[in-house]
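The next block holds one structure in the form of structure tokens; read it before the comments.
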Amino acid sequence: MDAEKGDAFLIDGIKRGDQRAWRQLIERYQGRLLAFARSRAPSLADAEDVVQEAFVGFAASIANFDPTRSLETYLFTIARYKLFDLMRQRKLPTQSAPADAEDWWDRVSPDDGESPSRLAVTVEAAAQQRHLLADMLRRLIYEMRDRQAFDDLQVIELVFYVGRRNLDVAELLDIDQKAVAGIKFRAIGKLQRYLADASPDAVACLDEAMADVTVAQVWRENRLTCLKRSTLGAYLLGVLEEPWKSFTQFHLDVVGCPVCVANLQDLQAEEDTLRTGANTERMFASSVGFLKPQ
């Protein structure tokens with residue numbers, strides 16, 4: 001069962017009041033949410049409180065959850081709201097991770113009075129527009145992946161998703177600024193052609209929605225270039241092949257995607273736990289024979 005179907009199965013169970021489904025959902029996401037919160041919260045105890053409140057917030061708003069959205073992104077969004085609340089209460093500046101990345105994820109704080117449930121309602125109301133834009137971006141990204149144009153995809157991710165200027169992208173990737181402009185120009189041209197293929201009604205809806213929707217928001221909500229846990233696992237084990245290895249390293253280290261960074265840290269923690277368990281078993285097996293009744 002893939003992640004999306006697994007999430008849908010758990011949500012159906014939770015809506016029926018199945019406590020086992022709720023426990024499984026917590027077990028699935030608590031590690032990566034905690035890794036995300038720990039990179040920003042003042043202390044481990046605060047991070048744990050944020051994650052707990054995020055789960056409570058999800059339970060309270062599950063009736064408004066849009067099943068077409070990524071559950072993981074939704075949970076991370078709630079956790080982000082809880083972190084902002086914590087920082088406001090403590091009168092502390094918001095923090096970003098990694099430390100050397102621009103605060104593109106935390107650049108805009110949630111509006112006063114806005115809640116996760118209200119966010120979900122807003123997303124649902126704008127679903128048609130957001131889905132159209134997401135489909136167009138996804139088509140562009142898949143086309144680049146299919147022809148192994150990962151260098152172009154790096155440029156597009158930094159420009160459209162992170163919001164970097166052409167000059168900044170050129171310096172980060174050590175390429176000519178004109179090359180960045182050319183890749184951006186061609187990508188916009190393809191998006192315009194994709195839009196031309198859409199129905200006139202859909203185009204009108206998208207034009208109306210663009211005042212409230214940004215490409216970066218849709219990109220983040222749909223996790224358009226986020227990496228699968230299996231890909232991150234292969235990267236962690238050192239068995240991921242090129243060009244995916246380079247793109248994964250870029251997505252983690254240069255883009256600094258907080259969701260994927262948190263997922264990687266969670267996988268590392270799982271590996272450490274398994275290694276510790278294996279060491280314990282090995283030590284037990286090698287020493288138990290020396291025990292003698294006293």
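Here's how to read the names in the structure tokens: chain A, B, ... by the order shown, residue numbers from 1 in each chain, ligand numbers from 1 in the order shown.
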
Problem set entry | 9 Å contact set for Lys184 (chain A), only C-alpha atoms, chain neighbours under 4 positions out, as a list in words |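 Listing them by chain and then by number gives Asp152, Val155, Ile156, Val159, Phe160, Asn166, Ala179, Val180, Ile188 and Gly189 of chain A.
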
Save the residues we just selected, C-alpha atoms, as a PDB file, in the first residue's frame?
```pdb
ATOM      1  CA  ASP A 152      17.078  22.801 -15.350  1.00  0.00           C
ATOM      2  CA  VAL A 155      16.975  26.298 -11.514  1.00  0.00           C
ATOM      3  CA  ILE A 156      13.169  26.125 -11.659  1.00  0.00           C
ATOM      4  CA  VAL A 159      13.181  30.395  -8.906  1.00  0.00           C
ATOM      5  CA  PHE A 160       9.557  29.227  -8.567  1.00  0.00           C
ATOM      6  CA  ASN A 166      18.196  34.958 -11.242  1.00  0.00           C
ATOM      7  CA  ALA A 179      21.511  30.530 -18.722  1.00  0.00           C
ATOM      8  CA  VAL A 180      19.242  30.911 -15.686  1.00  0.00           C
ATOM      9  CA  ILE A 188       7.257  29.943 -18.432  1.00  0.00           C
ATOM     10  CA  GLY A 189       6.646  29.364 -22.131  1.00  0.00           C
TER      11      GLY A 189
END
```

Problem set entry | Long-range neighbours of Arg138 (chain A) as a VMD selection string, 8 Å cut-off, only C-alpha atoms, 4 positions minimum in chain | chain A and resid 134 142 224

How would the residues just chosen look if you wrote them out with N, CA and C atoms as a CSV table (one decimal), in the first residue's frame?
```
chain,number,residue,atom,x,y,z
A,134,ALA,N,-1.4,23.3,-10.0
A,134,ALA,CA,-0.5,22.2,-9.5
A,134,ALA,C,-0.3,21.2,-10.7
A,142,TYR,N,7.6,16.8,-14.3
A,142,TYR,CA,7.8,15.5,-14.9
A,142,TYR,C,8.5,15.5,-16.2
A,224,LEU,N,5.6,19.2,-4.8
A,224,LEU,CA,5.8,18.8,-6.2
A,224,LEU,C,7.2,18.2,-6.4
```

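Between Trp244 (chain A) and the residues A:Arg145, A:Arg23, A:Arg223, A:Arg164, the shortest atom-to-atom distance, using only C-alpha atoms, involves A:Arg145.
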
Exercise. Hey, what's within 12 Å of region 56-59 of chain A if we count only C-alpha atoms and toss same-chain stuff fewer than 3 positions away? As a ChimeraX atom specification, please?
Worked result: /A:11,14-15,17,19,22,25-26,49-53,62-66,71-82,115-120

Could you write out that same residue set with C-alpha atoms as a tab-separated table (two decimals), in the first residue's frame?
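Once everything was written out, this is selection.tsv:
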```
chain	number	residue	atom	x	y	z
A	11	ILE	CA	-8.16	8.86	7.95
A	14	ILE	CA	-10.05	7.80	12.43
A	15	LYS	CA	-13.30	9.31	11.23
A	17	GLY	CA	-13.40	6.49	15.78
A	19	GLN	CA	-8.19	4.34	18.02
A	22	TRP	CA	-5.09	7.13	15.26
A	25	LEU	CA	-1.04	7.83	12.21
A	26	ILE	CA	0.86	9.22	15.20
A	49	ASP	CA	4.56	20.12	22.93
A	50	VAL	CA	4.29	21.56	19.42
A	51	VAL	CA	3.95	18.09	17.89
A	52	GLN	CA	1.35	17.07	20.46
A	53	GLU	CA	-0.65	20.24	19.78
A	62	ILE	CA	-10.24	16.45	10.47
A	63	ALA	CA	-13.82	17.07	9.35
A	64	ASN	CA	-12.51	19.91	7.16
A	65	PHE	CA	-9.53	17.99	5.80
A	66	ASP	CA	-9.38	17.97	2.00
A	71	LEU	CA	-1.70	14.67	4.76
A	72	GLU	CA	1.97	15.13	5.54
A	73	THR	CA	1.95	18.70	4.25
A	74	TYR	CA	-1.21	19.43	6.21
A	75	LEU	CA	0.35	18.15	9.44
A	76	PHE	CA	3.51	20.16	8.83
A	77	THR	CA	1.39	23.24	8.20
A	78	ILE	CA	-0.41	22.80	11.53
A	79	ALA	CA	2.93	22.29	13.29
A	80	ARG	CA	4.19	25.50	11.70
A	81	TYR	CA	1.18	27.39	13.06
A	82	LYS	CA	1.82	25.97	16.52
A	115	SER	CA	-6.58	28.44	12.15
A	116	PRO	CA	-5.74	25.13	10.43
A	117	SER	CA	-9.45	24.44	9.99
A	118	ARG	CA	-9.97	27.83	8.37
A	119	LEU	CA	-6.97	27.14	6.15
A	120	ALA	CA	-8.52	23.86	5.06
```
